[in-house]
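Just below is one structure, and these are the notes that go with it.
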2 protein chains.
Amino acid sequence: MGPASVLPWPGMPNAILCITGSELTRGETRDANGPFLATRLSELGVRVDEVALVPDDPALLAAAVRRAVERAEVVVLSGGLGPTADDHTVRVLAEVFGRGIHRHPEAEARMRARALARGYTDETIPANFYKQAEVIEGAEALLNPVGLAPGMVIPTARGLLAVLPGVPREMQPMFRDLVVPAIRKRLALEPPRILRAKVLGMGESWCEARVQRLGIDFARAEYGISAKPGELVVKFIAHRREDHGYLDEVRRLLEGEFGQDIHVLPEGLTDASGAPLDVEHSAIVHALLLASGITLSTAESCTGGMISKCLTDHAGSSAYFLGSVVAYHDAVKERLLGVPRELLERHGAVSAEVCEAMARGARRAFGSRLALAATGIAGPGGATAEKPVGLVYIGLAAEGPGGEEAAVDRSLFVGAREMVRHAATVRALDLLRRRLAPR
Amino acid sequence: MGPASVLPWPGMPNAILCITGSELTRGETRDANGPFLATRLSELGVRVDEVALVPDDPALLAAAVRRAVERAEVVVLSGGLGPTADDHTVRVLAEVFGRGIHRHPEAEARMRARALARGYTDETIPANFYKQAEVIEGAEALLNPVGLAPGMVIPTARGLLAVLPGVPREMQPMFRDLVVPAIRKRLALEPPRILRAKVLGMGESWCEARVQRLGIDFARAEYGISAKPGELVVKFIAHRREDHGYLDEVRRLLEGEFGQDIHVLPEGLTDASGAPLDVEHSAIVHALLLASGITLSTAESCTGGMISKCLTDHAGSSAYFLGSVVAYHDAVKERLLGVPRELLERHGAVSAEVCEAMARGARRAFGSRLALAATGIAGPGGATAEKPVGLVYIGLAAEGPGGEEAAVDRSLFVGAREMVRHAATVRALDLLRRRLAPR
């Protein structure tokens, strides 16, 4: 976790998020809105003080909204705007703010048009249908570009309350296009500058200790670190305009310290939802492979196809990816990859020798310029006295000036089966990255 | 979403969850503890009134804990038990409950032993190391079987407060083994009976309409439905002992209605975390394959190794899984799977004919009794006038009495690239299920 505390700079506004839906508090559905909004707000320079998941219960929702509006400048409420008996948001807001409810004329007109287009008539439209067009008096209505129910922005004593649909693909563009400008205007906020970088091949406490030694002023650049299997993401946010340039110095310090172990992510690039560009390691390597014009294949054992799956997650991967052999048995390593039997007998499937042979065999089988191989012990079974769970060899074979060259990397990952496979996959992708983007 | 509302039965206890960590409220990390705890508590018969994500801020955390303890019988607090300056939980609890802090002797001894084993000495152990052994007076300490920091159970006026580490693989077994019995005891709770089933091959609103028509009494069996790509999970919870037997009637109605489209999950079986047995479709098929004694290989194109990856997620899959060829180019389909070139030229790679040839080719290459093949258009590119994004053929080739037999299934999935690949993978696994577990 980051340094001593998030030092809120003077005047930093705060937010509370209320995400409503009983399917969330029963654990049936994982909430996607909280993380999305928390990230976007943090990057706006708003400190999130709480993300509350609340059931479809008017009393609990009203109490949560009242509490939030007292405690925070920005309150975002998502969910409960649908047509069913479980959707209480508009009535709760009418009660909390002491306002009347009316149908928004434009929302109502769009809904009526959609129903008529589907073959309904004014007589057959269900009784509760127009509930979704309801807003409270005094709210600015936010038209919903994807769904039916409008959102709202309601000024509060401390700032504002934004009300949005619960469905992520409706909520996200409305937040990005309609709520963010309202927040910026109401709070006179400047957009921050954000520097993000991945750190590869080391554990979190080691990375943390090295970052802390660089003499970075965390009051000027708010620091956070998060970990996924096999990788870390460090993030620095300069909230004040006068500190934006300081991030160039921070970048220089990081790159000087970490060298090839760090990969700085592009700034300011966002996807369709307004989120920063995907940080999946496979996305980074995908871009490098596309640019390289090189072809690639994989030979996998313990990763079971995960390296292949991660690369092909990305549209356009067929430009470089030829395919994979998942050789889950020694006989298959022999037959499909040409690994010599006596190598398997002498060293075992989990060895640098067999790993190299697998990589060279994939190059032969697919005719690719590069080939990755992975063999290891994902666990929980399979360990021996000399070879523990988490031992993974990653091999890279490449066409070189003097013929084919190969190198094998040995790792020892600590964790359960899924973590070992995932970390091995990231390690394999990262060896490609280091080869394709040298410094 | 389920029927009109969760009708809390008289005496149903409630819970509030406080999950702490600034990486959560900044949106850097997605919370896994809230959904896990919400599901487990709901299945215990405890109604979750709120899931609150709170930053690493002592004042905010203290306020959240105070508020939760006033409002709920069960409060679970996770996170903030580590050694860094950001970890405030023990101090906050000491303040909220007005208690002293001391190091738990057994936790301290285990930590010291671990440090010495890593080459530290009493002189070189960092100053903050033993912070993780701290607990407050009057708490029952819960030893951590995986990590270092103990948890706590603290009786409150209304019930209890359970304090757990934030790391899921530490928190989950502690919750299952130590906190659940404490909750049952303190609240005199009867465990509910839970019926879960997967519904395959149809959309949510269609399944919902069919369930609603069966005349099930939802006041006796609380109903929920959740959707993942290509599959649905329906859940019925009988909270009251006198309703436990009613779930047999519910099961009879569901199986009568859905036939092979439904797969009832085993009751009462939990995994290492205390969660009901994994509902990943690959887990169901893994068990069927293990029991069948049959060997399997896959030939994948659009799924890119995902089918192979999902099967090998499961320890012991090497008992039946021989391997996979990911053939991402036509030339690879020809060379490694023996798909005739003129078939590719006449019908294209995304066709029933090529799909069947891929499946047969995998059987030949691996010598397996069964082989699955998948070819399709994951998108967003690749569609033609006749072949839209989401078109996927799944083939199954098998050794039969009269020689090799093959069948091809055609699906049209609606969604983005990841959803199409995921739903295609589930469909492929489900065709195996239907073959191996006929009714």
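Identifiers in this document derive from the order of the structure tokens: chains are assigned A, B, ..., residues are numbered from 1 separately in each chain, and ligands are numbered from 1 in order of occurrence.
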### Within 12 Å of B:Val279 using only C-alpha atoms, minus same-chain residues under 2 positions, as number ranges by chain
B: 196-199, 226-228, 231-235, 263-267, 269-271, 275-277, 281-287, 426
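A least-squares superposition of chain A onto chain B that uses all C-alpha atoms in sequence order produces an RMSD of 1.7 Å.
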### Query
Between B:Arg169, B:Arg110, B:Arg240, B:Arg220, which is the closest to B:Gly45 once you count only C-alpha atoms?
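Closest to B:Gly45 of all the choices is B:Arg240.
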Considering only C-alpha atoms, tabulate each residue of chain B that lies at most 6 Å from chain A along with its nearest interatomic pair and the corresponding distance in Å to one decimal; arrange the rows by chain and ascending residue number and present them as CSV.
```
residue,atom,partner,partner_atom,distance
B:Thr25,CA,A:Ala38,CA,5.4
B:Arg26,CA,A:Ala38,CA,5.0
B:Gly27,CA,A:Thr39,CA,4.0
B:Pro35,CA,A:Gly27,CA,4.5
B:Ala38,CA,A:Gly27,CA,4.6
B:Thr39,CA,A:Gly27,CA,4.2
B:Ser42,CA,A:Arg26,CA,5.5
B:Val48,CA,A:Thr25,CA,5.5
B:Glu50,CA,A:Val54,CA,4.8
B:Val51,CA,A:Leu53,CA,4.7
B:Ala52,CA,A:Ala52,CA,4.1
B:Leu53,CA,A:Val51,CA,4.7
B:Val54,CA,A:Glu50,CA,4.8
B:Ala85,CA,A:Ala4,CA,5.2
B:Asp86,CA,A:Ala4,CA,5.7
B:Gly304,CA,A:Lys309,CA,4.9
B:Gly305,CA,A:Gly305,CA,4.7
B:Met306,CA,A:Lys309,CA,5.3
B:Ser308,CA,A:Gly305,CA,5.7
B:Lys309,CA,A:Gly305,CA,4.8
B:Thr312,CA,A:Gly304,CA,5.6
B:Leu322,CA,A:Tyr328,CA,5.3
B:Gly323,CA,A:Val326,CA,4.9
B:Ser324,CA,A:Val326,CA,4.7
B:Val325,CA,A:Val325,CA,4.7
B:Val326,CA,A:Ser324,CA,4.7
B:Ala327,CA,A:Gly323,CA,4.9
B:Tyr328,CA,A:Gly323,CA,5.0
B:His329,CA,A:Leu322,CA,5.9
```
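The interatomic distance for the pair atom CA of A:Asn14 and atom CA of A:Leu189 works out to 11.9 Å.
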### Query
Quick one: distance from atom CA of A:Ala373 to atom CA of A:Ala352 in Å, one decimal?
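About the pair atom CA of A:Ala373 and atom CA of A:Ala352: they are 10.3 Å apart.
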### Query
Counting only C-alpha atoms, which of A:Glu242, A:Glu95, A:Glu257, A:Asp122 gets nearest to A:Ala59?
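Between A:Glu242, A:Glu95, A:Glu257, A:Asp122, the residue approaching A:Ala59 most closely is A:Glu95.
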### Task
From a DSSP pass on the backbone, collect the residues of stretch 156-330 of chain A flagged as alpha helix (DSSP H) and hand them back as a PyMOL selection string.
chain A and resi 168-174+180-187+204-212+246-258+281-292+306-312+330
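The gap separating atom CA of B:Gly100 from atom CA of B:Leu142 is 17.6 Å, in Å to one decimal.
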Members of stretch 82-309 of chain A assigned strand (DSSP E) by DSSP, as a PDB file with C-alpha atoms, in the first residue's frame:
```pdb
ATOM      1  CA  ILE A 101     -42.087  13.790  -8.944  1.00  0.00           C
ATOM      2  CA  HIS A 102     -42.958  14.315 -12.581  1.00  0.00           C
ATOM      3  CA  ARG A 103     -42.351  12.561 -15.851  1.00  0.00           C
ATOM      4  CA  GLU A 134     -39.788   9.989 -13.606  1.00  0.00           C
ATOM      5  CA  VAL A 135     -37.467  12.622 -12.170  1.00  0.00           C
ATOM      6  CA  ILE A 136     -37.779  14.883  -9.155  1.00  0.00           C
ATOM      7  CA  GLU A 140     -31.258  18.602 -14.038  1.00  0.00           C
ATOM      8  CA  ALA A 141     -32.267  15.550 -16.083  1.00  0.00           C
ATOM      9  CA  LEU A 142     -29.524  13.621 -17.917  1.00  0.00           C
ATOM     10  CA  GLY A 151     -30.321  10.267 -14.752  1.00  0.00           C
ATOM     11  CA  MET A 152     -30.240  13.387 -12.627  1.00  0.00           C
ATOM     12  CA  VAL A 153     -27.889  15.971 -11.190  1.00  0.00           C
ATOM     13  CA  ILE A 154     -29.228  17.543  -7.996  1.00  0.00           C
ATOM     14  CA  PRO A 155     -27.349  20.452  -6.385  1.00  0.00           C
ATOM     15  CA  LEU A 160     -23.964  17.798  -5.984  1.00  0.00           C
ATOM     16  CA  LEU A 161     -25.685  14.417  -6.123  1.00  0.00           C
ATOM     17  CA  ALA A 162     -25.530  12.566  -9.444  1.00  0.00           C
ATOM     18  CA  VAL A 163     -28.106   9.840 -10.050  1.00  0.00           C
ATOM     19  CA  LEU A 164     -27.377   7.248 -12.734  1.00  0.00           C
ATOM     20  CA  ARG A 193      -2.184  14.588 -14.591  1.00  0.00           C
ATOM     21  CA  ILE A 194      -1.650  10.871 -14.042  1.00  0.00           C
ATOM     22  CA  LEU A 195       1.496   8.815 -14.535  1.00  0.00           C
ATOM     23  CA  ARG A 196       1.090   5.023 -14.507  1.00  0.00           C
ATOM     24  CA  ALA A 197       3.729   2.364 -14.931  1.00  0.00           C
ATOM     25  CA  LYS A 198       4.002  -1.392 -14.578  1.00  0.00           C
ATOM     26  CA  VAL A 199       6.833  -2.913 -12.611  1.00  0.00           C
ATOM     27  CA  LEU A 200       7.707  -6.462 -13.547  1.00  0.00           C
ATOM     28  CA  GLU A 222      -0.076  11.157  -4.837  1.00  0.00           C
ATOM     29  CA  TYR A 223       1.259   7.621  -4.964  1.00  0.00           C
ATOM     30  CA  GLY A 224      -0.521   4.313  -5.145  1.00  0.00           C
ATOM     31  CA  ILE A 225       0.551   0.768  -5.932  1.00  0.00           C
ATOM     32  CA  SER A 226      -1.556  -2.258  -6.767  1.00  0.00           C
ATOM     33  CA  ALA A 227      -0.580  -5.852  -7.419  1.00  0.00           C
ATOM     34  CA  LYS A 228      -1.790  -8.576  -9.733  1.00  0.00           C
ATOM     35  CA  GLU A 231       2.969  -7.625 -11.963  1.00  0.00           C
ATOM     36  CA  LEU A 232       2.601  -4.343 -10.139  1.00  0.00           C
ATOM     37  CA  VAL A 233       1.089  -1.032 -11.248  1.00  0.00           C
ATOM     38  CA  VAL A 234       2.425   2.166  -9.709  1.00  0.00           C
ATOM     39  CA  LYS A 235       0.399   5.318 -10.155  1.00  0.00           C
ATOM     40  CA  PHE A 236       1.228   8.970  -9.440  1.00  0.00           C
ATOM     41  CA  ILE A 237      -1.455  11.658  -9.546  1.00  0.00           C
ATOM     42  CA  ALA A 238      -0.522  15.335  -9.678  1.00  0.00           C
ATOM     43  CA  ILE A 262       9.486  -0.773 -15.539  1.00  0.00           C
ATOM     44  CA  HIS A 263       7.137  -0.034 -18.421  1.00  0.00           C
ATOM     45  CA  VAL A 264       5.528   3.414 -18.381  1.00  0.00           C
ATOM     46  CA  LEU A 296       5.003 -16.087 -32.825  1.00  0.00           C
ATOM     47  CA  SER A 297       3.868 -19.491 -31.615  1.00  0.00           C
ATOM     48  CA  THR A 298       3.742 -21.078 -28.171  1.00  0.00           C
ATOM     49  CA  ALA A 299       4.328 -24.517 -26.692  1.00  0.00           C
ATOM     50  CA  GLU A 300       2.616 -24.785 -23.335  1.00  0.00           C
TER      51      GLU A 300
END
```
### Query
Hey, which of B:Ala349, B:Leu44, B:Leu77, B:Ile394 ends up closest to B:Arg176? Count only C-alpha atoms.
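Between B:Ala349, B:Leu44, B:Leu77, B:Ile394, the residue approaching B:Arg176 most closely is B:Leu44.
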